[in-house]
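Colleague: This is the structure I want to talk about, given as C-alpha cells.
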Amino acid sequence: IIRSHGISVHCYADDTQLYVPFRPGQTEEEALRRLEECIAELRTWMNKNRLKLNDSKTEFIVLGTASLLKKVQTTGINIGEERITAVTSVRNIGTHMDSELKMDAHIKNVCKTAWFHLYRIGKIRQYLTTEQTKSVIHAYVTSRLDMNNSLLVGVPKVQIAKLQRIQNAAARLITGAKSADHVTPILKSLHWLPVHLRIRFKLLLITYKVLNGTGPTYLSDLLVPYEPGRELRSSNDTKRLQIPITRLKTYGDRSFSHAAPAHWNNLPSDIRSCKTLTAFKTSLKTLLFRSYYL
C-alpha cells in the first residue's frame, strides 16, 4: 500500500487500485482532481518501467451509504483518452463488490456458479464414489462458498441463507439423501460447519494470523490490545483486543477493526493462547462444531 496525494494506492501483480475519500458536494471536485493527477503520475512511472496501464479495462466505482450516494455528482473519470463511467459493482481480487458494500453482487455470483457446478456434478454422481464426490464438491462448490467469506460478516441472514441452501444441496448430493430429509444430521455426519460459522471461523483465523505475525501486515494496525482503565480480573488476559465504537451498524460493525475483536474476545482464553496455527484451527472448529450441533 502506497499513499500519494492523500490517495491509497494498492499495487498487485496485474492490478492497481486507487482509493480516495471525499464528502459529496464538499470535497468531491478536489478529490477527483487529485485522483486524476495521481493516475497521470502512475501512468508516467509505469511507462518508465515498461509497463502499460490499460485504460479500456479500468473500472471506476463510488462507494458509500445509500443516502450519500444520492448526493454524489460525479458520474465518471477521465483516464488518458478514455472516459470511464461509474459502475454499480466491480470485481476486486475475486470478490464482486457493489457500491453500498452489501455484498449482494458477490453472493449472487457465487450462487450462480455453485448451482451450475452442482447441476453438472449431479449428472455424473452415479459414477463417483462418496470420497470422489466429496473431492469434486470441495473443488467446485464449497471452495467457492469459503472464498473471501470473511467479507460476509454482518451480512443479513437472508443473504447467508442463499449460501446455506447451496451447502445443504451439496451435502445431500454427497450422501444421496432426499430433499425432504432433515439436513442438520447430514451436515454433522460430514463434519461441516454451517455457512455462518464458516464465516466466523475464517474471520477468527485471519485474526489469529495477524496477531501472531503471519497475516497481512496492513491489518495489524487495526487490532489494538485491550488496556482497562483500572485493575480488573481481565487485566491479566493479554490476548484480549479493544473493540472500537462505531456509528453505523451496517458498515462500522462489519469492519475488520470492530468485528474481529468482538468475536475474538468471545473465545475462551485457552484457544486465544494456542501456540500453533494447527492447534488453533483444531480447537476453534471443535468449539464452533459443539456449539451448533451439541
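Residue numbers start at 1 in each chain; chains themselves are named A, B, ... in the order of the C-alpha cells; ligands are numbered from 1 in the order shown.
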May I have a table of the residues of range 45-114 of chain A lying at most 10 Å from range 140-156 of chain A, giving each one's closest pair of atoms and their distance in Å to one decimal, counting only C-alpha atoms, ordered by chain and ascending residue number, as a tab-separated table?
Modeller:
```
residue	atom	partner	partner_atom	distance
A:Ile93	CA	A:Asn148	CA	9.0
A:Gly94	CA	A:Asn148	CA	7.9
A:Thr95	CA	A:Asn148	CA	7.0
A:Met97	CA	A:Leu151	CA	10.0
A:Leu101	CA	A:Leu151	CA	9.5
A:Lys102	CA	A:Val155	CA	7.0
A:Met103	CA	A:Leu152	CA	7.1
A:Asp104	CA	A:Val155	CA	9.1
A:His106	CA	A:Leu152	CA	9.5
A:Ile107	CA	A:Leu145	CA	8.9
A:Val110	CA	A:Arg144	CA	6.6
A:Cys111	CA	A:Leu145	CA	8.5
A:Thr113	CA	A:Val141	CA	8.2
A:Ala114	CA	A:Val141	CA	5.2
```
Colleague: Generate the output file for the selected residues, N, CA and C atoms, as a PDB file, in the first residue's frame.
Modeller:
```pdb
ATOM      1  N   ILE A  93     -10.172  -8.716  -6.537  1.00  0.00           N
ATOM      2  CA  ILE A  93      -9.459  -9.915  -6.068  1.00  0.00           C
ATOM      3  C   ILE A  93     -10.437 -11.072  -5.885  1.00  0.00           C
ATOM      4  N   GLY A  94     -11.229 -11.346  -6.911  1.00  0.00           N
ATOM      5  CA  GLY A  94     -12.144 -12.480  -6.876  1.00  0.00           C
ATOM      6  C   GLY A  94     -13.472 -12.206  -6.206  1.00  0.00           C
ATOM      7  N   THR A  95     -13.666 -10.999  -5.680  1.00  0.00           N
ATOM      8  CA  THR A  95     -14.904 -10.651  -4.993  1.00  0.00           C
ATOM      9  C   THR A  95     -15.641  -9.566  -5.756  1.00  0.00           C
ATOM     10  N   MET A  97     -17.903  -6.509  -5.568  1.00  0.00           N
ATOM     11  CA  MET A  97     -18.325  -5.521  -4.580  1.00  0.00           C
ATOM     12  C   MET A  97     -19.270  -4.519  -5.214  1.00  0.00           C
ATOM     13  N   LEU A 101     -21.576  -1.818  -0.698  1.00  0.00           N
ATOM     14  CA  LEU A 101     -20.858  -2.873   0.039  1.00  0.00           C
ATOM     15  C   LEU A 101     -21.810  -3.815   0.780  1.00  0.00           C
ATOM     16  N   LYS A 102     -22.956  -4.075   0.173  1.00  0.00           N
ATOM     17  CA  LYS A 102     -23.897  -5.028   0.762  1.00  0.00           C
ATOM     18  C   LYS A 102     -23.520  -6.470   0.450  1.00  0.00           C
ATOM     19  N   MET A 103     -22.618  -6.662  -0.504  1.00  0.00           N
ATOM     20  CA  MET A 103     -22.134  -7.964  -0.951  1.00  0.00           C
ATOM     21  C   MET A 103     -23.203  -8.758  -1.686  1.00  0.00           C
ATOM     22  N   ASP A 104     -24.272  -8.085  -2.112  1.00  0.00           N
ATOM     23  CA  ASP A 104     -25.331  -8.773  -2.862  1.00  0.00           C
ATOM     24  C   ASP A 104     -24.801  -9.320  -4.184  1.00  0.00           C
ATOM     25  N   HIS A 106     -21.751 -10.157  -4.939  1.00  0.00           N
ATOM     26  CA  HIS A 106     -20.838 -11.277  -4.708  1.00  0.00           C
ATOM     27  C   HIS A 106     -21.616 -12.561  -4.429  1.00  0.00           C
ATOM     28  N   ILE A 107     -22.604 -12.465  -3.556  1.00  0.00           N
ATOM     29  CA  ILE A 107     -23.387 -13.651  -3.201  1.00  0.00           C
ATOM     30  C   ILE A 107     -24.157 -14.161  -4.417  1.00  0.00           C
ATOM     31  N   VAL A 110     -21.654 -16.010  -6.616  1.00  0.00           N
ATOM     32  CA  VAL A 110     -21.262 -17.290  -6.020  1.00  0.00           C
ATOM     33  C   VAL A 110     -22.378 -18.318  -6.180  1.00  0.00           C
ATOM     34  N   CYS A 111     -23.613 -17.904  -5.910  1.00  0.00           N
ATOM     35  CA  CYS A 111     -24.756 -18.816  -6.022  1.00  0.00           C
ATOM     36  C   CYS A 111     -24.934 -19.306  -7.453  1.00  0.00           C
ATOM     37  N   THR A 113     -22.704 -19.591  -9.859  1.00  0.00           N
ATOM     38  CA  THR A 113     -21.642 -20.521 -10.241  1.00  0.00           C
ATOM     39  C   THR A 113     -21.775 -21.847  -9.502  1.00  0.00           C
ATOM     40  N   ALA A 114     -22.076 -21.799  -8.204  1.00  0.00           N
ATOM     41  CA  ALA A 114     -22.162 -23.016  -7.396  1.00  0.00           C
ATOM     42  C   ALA A 114     -23.325 -23.905  -7.848  1.00  0.00           C
TER      43      ALA A 114
END
```
Colleague: Apply DSSP to the structure's backbone, then extract all residues of range 259-292 of chain A labelled helix (DSSP H, G or I) and return them as number ranges by chain.
Modeller: A: 259-265, 269-272, 277-292
Colleague: Run DSSP on the backbone and grab whatever in range 55-246 of chain A lands in strand (DSSP E or B); send it over as a short mmCIF file (atom, residue, chain, number, x, y, z; two decimals) with N, CA, C and O atoms, in the first residue's frame.
Modeller:
```
data_model
loop_
_atom_site.label_atom_id
_atom_site.label_comp_id
_atom_site.auth_asym_id
_atom_site.auth_seq_id
_atom_site.Cartn_x
_atom_site.Cartn_y
_atom_site.Cartn_z
N PHE A 60 -14.36 2.18 -12.53
CA PHE A 60 -14.49 3.26 -11.56
C PHE A 60 -15.81 3.08 -10.81
O PHE A 60 -16.86 2.87 -11.40
N GLY A 76 -18.25 9.84 -13.69
CA GLY A 76 -17.16 9.17 -14.38
C GLY A 76 -15.84 9.88 -14.13
O GLY A 76 -15.78 10.89 -13.41
N ILE A 77 -14.79 9.35 -14.74
CA ILE A 77 -13.46 9.91 -14.56
C ILE A 77 -12.70 9.79 -15.87
O ILE A 77 -12.90 8.85 -16.65
N ASN A 78 -11.82 10.77 -16.13
CA ASN A 78 -11.02 10.76 -17.35
C ASN A 78 -9.68 10.08 -17.09
O ASN A 78 -8.94 10.46 -16.19
N ILE A 79 -9.38 9.08 -17.89
CA ILE A 79 -8.10 8.36 -17.79
C ILE A 79 -7.52 8.29 -19.19
O ILE A 79 -8.04 7.55 -20.05
N GLU A 82 -9.64 8.00 -22.46
CA GLU A 82 -10.87 7.28 -22.18
C GLU A 82 -11.69 7.99 -21.10
O GLU A 82 -11.14 8.60 -20.18
N ARG A 83 -13.01 7.92 -21.23
CA ARG A 83 -13.93 8.42 -20.21
C ARG A 83 -14.55 7.19 -19.55
O ARG A 83 -15.36 6.48 -20.16
N ILE A 84 -14.17 6.94 -18.29
CA ILE A 84 -14.63 5.77 -17.57
C ILE A 84 -15.87 6.12 -16.77
O ILE A 84 -15.82 6.95 -15.86
N THR A 85 -16.99 5.52 -17.11
CA THR A 85 -18.25 5.79 -16.42
C THR A 85 -18.34 4.94 -15.15
O THR A 85 -17.93 3.78 -15.14
N ALA A 86 -18.87 5.53 -14.10
CA ALA A 86 -19.01 4.82 -12.83
C ALA A 86 -19.96 3.63 -12.98
O ALA A 86 -20.99 3.72 -13.64
N SER A 89 -21.00 -2.14 -9.57
CA SER A 89 -20.26 -3.22 -8.91
C SER A 89 -18.97 -3.48 -9.68
O SER A 89 -18.92 -3.31 -10.90
N VAL A 90 -17.94 -3.89 -8.97
CA VAL A 90 -16.65 -4.20 -9.57
C VAL A 90 -16.12 -5.50 -8.97
O VAL A 90 -16.53 -5.92 -7.88
N ARG A 91 -15.20 -6.12 -9.67
CA ARG A 91 -14.55 -7.33 -9.16
C ARG A 91 -13.22 -6.95 -8.52
O ARG A 91 -12.38 -6.32 -9.16
N ASN A 92 -13.06 -7.34 -7.29
CA ASN A 92 -11.88 -6.98 -6.53
C ASN A 92 -11.26 -8.24 -5.93
O ASN A 92 -11.76 -8.79 -4.96
N THR A 95 -13.67 -11.00 -5.68
CA THR A 95 -14.90 -10.65 -4.99
C THR A 95 -15.64 -9.57 -5.76
O THR A 95 -15.04 -8.60 -6.20
N HIS A 96 -16.94 -9.72 -5.91
CA HIS A 96 -17.76 -8.70 -6.57
C HIS A 96 -18.32 -7.76 -5.51
O HIS A 96 -19.10 -8.17 -4.66
N MET A 97 -17.90 -6.51 -5.57
CA MET A 97 -18.33 -5.52 -4.58
C MET A 97 -19.27 -4.52 -5.21
O MET A 97 -18.98 -3.98 -6.29
N ASP A 98 -20.41 -4.29 -4.56
CA ASP A 98 -21.36 -3.30 -5.04
C ASP A 98 -21.09 -1.96 -4.38
O ASP A 98 -20.32 -1.87 -3.41
N PRO A 225 -4.45 -4.00 21.38
CA PRO A 225 -4.60 -4.77 22.62
C PRO A 225 -5.47 -4.03 23.63
O PRO A 225 -5.41 -2.79 23.73
N LEU A 241 -8.64 -7.90 22.88
CA LEU A 241 -8.47 -6.76 21.97
C LEU A 241 -9.49 -5.67 22.29
O LEU A 241 -10.58 -5.96 22.80
#
```
Colleague: Have a look at CA of Leu163 in chain A and CA of Pro194 in chain A and let me know their distance in Å, one decimal.
Modeller: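 Going from CA of Leu163 in chain A over to CA of Pro194 in chain A, I get 9.5 Å.
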Colleague: As an exercise, work out the distance from CA of Phe256 in chain A to CA of Lys70 in chain A in Å and give it to one decimal place.
Modeller: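 About the pair CA of Phe256 in chain A and CA of Lys70 in chain A: they are 26.2 Å apart.
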Colleague: Could you check the closest approach to Arg198 in chain A for each of A:Leu18, A:Ile39, A:Val136, A:Leu284 and tell me which residue wins, using only C-alpha atoms?
Modeller: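 Of the candidates, the smallest distance to Arg198 in chain A is held by A:Leu284.
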Colleague: Which residue gives the smallest distance to His10 in chain A among A:Ala279, A:Leu205, A:Ile137, A:Leu42, with only C-alpha atoms counted?
Modeller: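 Once distances to His10 in chain A are computed over only C-alpha atoms, the minimum belongs to A:Leu42.
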Colleague: Which of these, A:His196, A:Lys239, A:Arg247, A:His138, has the shortest distance to Arg165 in chain A once you count only C-alpha atoms?
Modeller: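 Result for the nearest residue to Arg165 in chain A: A:His196.
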Colleague: Set the distance at 12 Å and use only C-alpha atoms: which residues neighbour Ser283 in chain A once local chain neighbours fewer than 3 positions away are removed? I'd like the list as an mmCIF file with N, CA, C and O atoms, in the first residue's frame.
Modeller:
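The result, stored in out09.cif:
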```cif
data_model
loop_
_atom_site.group_PDB
_atom_site.id
_atom_site.type_symbol
_atom_site.label_atom_id
_atom_site.label_comp_id
_atom_site.auth_asym_id
_atom_site.auth_seq_id
_atom_site.Cartn_x
_atom_site.Cartn_y
_atom_site.Cartn_z
ATOM 1 N N PHE A 201 -15.367 -18.604 11.460
ATOM 2 C CA PHE A 201 -14.101 -19.347 11.528
ATOM 3 C C PHE A 201 -13.025 -18.632 10.721
ATOM 4 O O PHE A 201 -11.895 -18.457 11.198
ATOM 5 N N LEU A 204 -11.860 -15.356 12.466
ATOM 6 C CA LEU A 204 -11.017 -15.609 13.628
ATOM 7 C C LEU A 204 -9.659 -16.171 13.222
ATOM 8 O O LEU A 204 -8.642 -15.885 13.869
ATOM 9 N N LEU A 205 -9.639 -16.934 12.146
ATOM 10 C CA LEU A 205 -8.364 -17.469 11.662
ATOM 11 C C LEU A 205 -7.462 -16.339 11.175
ATOM 12 O O LEU A 205 -6.258 -16.313 11.479
ATOM 13 N N LEU A 267 -13.907 -15.720 22.493
ATOM 14 C CA LEU A 267 -13.272 -17.041 22.545
ATOM 15 C C LEU A 267 -12.715 -17.315 23.931
ATOM 16 O O LEU A 267 -12.268 -16.388 24.621
ATOM 17 N N PRO A 268 -12.702 -18.584 24.359
ATOM 18 C CA PRO A 268 -12.040 -18.934 25.627
ATOM 19 C C PRO A 268 -10.568 -18.563 25.564
ATOM 20 O O PRO A 268 -9.949 -18.621 24.497
ATOM 21 N N SER A 269 -10.009 -18.192 26.681
ATOM 22 C CA SER A 269 -8.612 -17.734 26.703
ATOM 23 C C SER A 269 -7.635 -18.816 26.253
ATOM 24 O O SER A 269 -6.595 -18.503 25.669
ATOM 25 N N ASP A 270 -7.962 -20.090 26.515
ATOM 26 C CA ASP A 270 -7.036 -21.152 26.120
ATOM 27 C C ASP A 270 -6.946 -21.283 24.597
ATOM 28 O O ASP A 270 -5.894 -21.636 24.056
ATOM 29 N N ILE A 271 -8.031 -20.981 23.895
ATOM 30 C CA ILE A 271 -7.990 -21.032 22.427
ATOM 31 C C ILE A 271 -7.237 -19.822 21.885
ATOM 32 O O ILE A 271 -6.434 -19.929 20.953
ATOM 33 N N ARG A 272 -7.463 -18.652 22.483
ATOM 34 C CA ARG A 272 -6.744 -17.453 22.027
ATOM 35 C C ARG A 272 -5.250 -17.573 22.280
ATOM 36 O O ARG A 272 -4.451 -16.901 21.626
ATOM 37 N N SER A 273 -4.869 -18.426 23.215
ATOM 38 C CA SER A 273 -3.460 -18.567 23.588
ATOM 39 C C SER A 273 -2.783 -19.753 22.923
ATOM 40 O O SER A 273 -1.672 -20.134 23.321
ATOM 41 N N CYS A 274 -3.427 -20.369 21.938
ATOM 42 C CA CYS A 274 -2.827 -21.515 21.245
ATOM 43 C C CYS A 274 -1.467 -21.134 20.662
ATOM 44 O O CYS A 274 -1.302 -20.051 20.101
ATOM 45 N N LYS A 275 -0.512 -22.044 20.780
ATOM 46 C CA LYS A 275 0.858 -21.749 20.343
ATOM 47 C C LYS A 275 1.064 -21.936 18.846
ATOM 48 O O LYS A 275 1.940 -21.302 18.256
ATOM 49 N N THR A 276 0.285 -22.809 18.228
ATOM 50 C CA THR A 276 0.479 -23.084 16.805
ATOM 51 C C THR A 276 -0.827 -22.865 16.047
ATOM 52 O O THR A 276 -1.925 -22.931 16.617
ATOM 53 N N LEU A 277 -0.703 -22.628 14.763
ATOM 54 C CA LEU A 277 -1.872 -22.408 13.919
ATOM 55 C C LEU A 277 -2.724 -23.669 13.841
ATOM 56 O O LEU A 277 -3.962 -23.589 13.873
ATOM 57 N N THR A 278 -2.072 -24.820 13.750
ATOM 58 C CA THR A 278 -2.816 -26.086 13.677
ATOM 59 C C THR A 278 -3.647 -26.306 14.921
ATOM 60 O O THR A 278 -4.814 -26.706 14.843
ATOM 61 N N ALA A 279 -3.054 -26.043 16.087
ATOM 62 C CA ALA A 279 -3.785 -26.215 17.345
ATOM 63 C C ALA A 279 -4.954 -25.241 17.431
ATOM 64 O O ALA A 279 -6.039 -25.599 17.908
ATOM 65 N N PHE A 280 -4.761 -24.025 16.962
ATOM 66 C CA PHE A 280 -5.832 -23.036 17.000
ATOM 67 C C PHE A 280 -6.985 -23.450 16.095
ATOM 68 O O PHE A 280 -8.155 -23.382 16.499
ATOM 69 N N THR A 286 -13.579 -27.289 16.759
ATOM 70 C CA THR A 286 -14.249 -28.114 17.770
ATOM 71 C C THR A 286 -15.231 -27.291 18.579
ATOM 72 O O THR A 286 -16.357 -27.715 18.850
ATOM 73 N N LEU A 287 -14.820 -26.081 18.966
ATOM 74 C CA LEU A 287 -15.691 -25.196 19.737
ATOM 75 C C LEU A 287 -16.941 -24.828 18.944
ATOM 76 O O LEU A 287 -18.073 -24.921 19.458
ATOM 77 N N LEU A 288 -16.762 -24.406 17.692
ATOM 78 C CA LEU A 288 -17.895 -23.999 16.870
ATOM 79 C C LEU A 288 -18.795 -25.185 16.543
ATOM 80 O O LEU A 288 -20.029 -25.055 16.521
ATOM 81 N N PHE A 289 -18.187 -26.339 16.296
ATOM 82 C CA PHE A 289 -18.951 -27.551 15.971
ATOM 83 C C PHE A 289 -19.843 -27.958 17.141
ATOM 84 O O PHE A 289 -21.031 -28.233 16.963
ATOM 85 N N ARG A 290 -19.283 -27.953 18.334
ATOM 86 C CA ARG A 290 -20.058 -28.350 19.513
ATOM 87 C C ARG A 290 -21.140 -27.319 19.840
ATOM 88 O O ARG A 290 -22.229 -27.683 20.286
#
```
Colleague: Just the residues within 10 Å of His258 in chain A, please, counting only C-alpha atoms, with nothing from its chain fewer than 5 positions along; format it as a list in words.
Modeller: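 Close residues of His258 in chain A: Leu222, Leu223, Leu241, Gln242, Ile243, Pro244, Ile245, Thr246, Tyr251, Gly252, Asp253 and His263 of chain A.
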Colleague: What does the distance between CA of Arg240 in chain A and CA of Tyr292 in chain A come to in Å, to one decimal place?
Modeller: 24.1 Å
Colleague: Tell me, as a tab-separated table (two decimals) with N, CA and C atoms, in the first residue's frame, which residues lie within 12 Å of Glu28 in chain A, counting only C-alpha atoms; anything in the same chain fewer than 6 positions away does not count.
Modeller:
```tsv
chain	number	residue	atom	x	y	z
A	20	VAL	N	-9.73	7.10	-2.85
A	20	VAL	CA	-9.66	8.46	-2.32
A	20	VAL	C	-10.97	8.77	-1.60
A	21	PRO	N	-10.90	9.23	-0.35
A	21	PRO	CA	-12.12	9.58	0.39
A	21	PRO	C	-12.58	11.00	0.05
A	22	PHE	N	-13.88	11.22	0.10
A	22	PHE	CA	-14.42	12.56	-0.13
A	22	PHE	C	-15.82	12.66	0.46
A	34	ARG	N	-7.37	15.32	-7.55
A	34	ARG	CA	-6.20	14.62	-7.01
A	34	ARG	C	-6.10	13.20	-7.57
A	35	LEU	N	-7.25	12.57	-7.76
A	35	LEU	CA	-7.25	11.21	-8.30
A	35	LEU	C	-6.72	11.18	-9.72
A	62	VAL	N	-18.03	4.37	-7.06
A	62	VAL	CA	-18.16	5.23	-5.89
A	62	VAL	C	-18.81	4.39	-4.79
A	68	LEU	N	-25.68	8.92	1.04
A	68	LEU	CA	-24.56	9.70	0.50
A	68	LEU	C	-24.42	9.53	-1.01
A	69	LEU	N	-24.69	8.33	-1.50
A	69	LEU	CA	-24.57	8.09	-2.94
A	69	LEU	C	-25.55	8.94	-3.73
A	71	LYS	N	-26.18	11.96	-3.18
A	71	LYS	CA	-25.64	13.31	-3.25
A	71	LYS	C	-24.44	13.41	-4.18
A	72	VAL	N	-23.90	12.28	-4.61
A	72	VAL	CA	-22.71	12.28	-5.46
A	72	VAL	C	-23.06	12.78	-6.86
A	73	GLN	N	-22.25	13.71	-7.36
A	73	GLN	CA	-22.48	14.28	-8.68
A	73	GLN	C	-21.57	13.68	-9.75
A	74	THR	N	-20.47	13.08	-9.31
A	74	THR	CA	-19.51	12.51	-10.25
A	74	THR	C	-20.08	11.26	-10.92
A	75	THR	N	-20.06	11.23	-12.23
A	75	THR	CA	-20.57	10.08	-12.97
A	75	THR	C	-19.48	9.31	-13.70
```
Colleague: Between A:Thr282, A:Asn47, A:Ser255, A:Ser67, which has the minimum distance to Leu219 in chain A (counting only C-alpha atoms)?
Modeller: A:Ser255
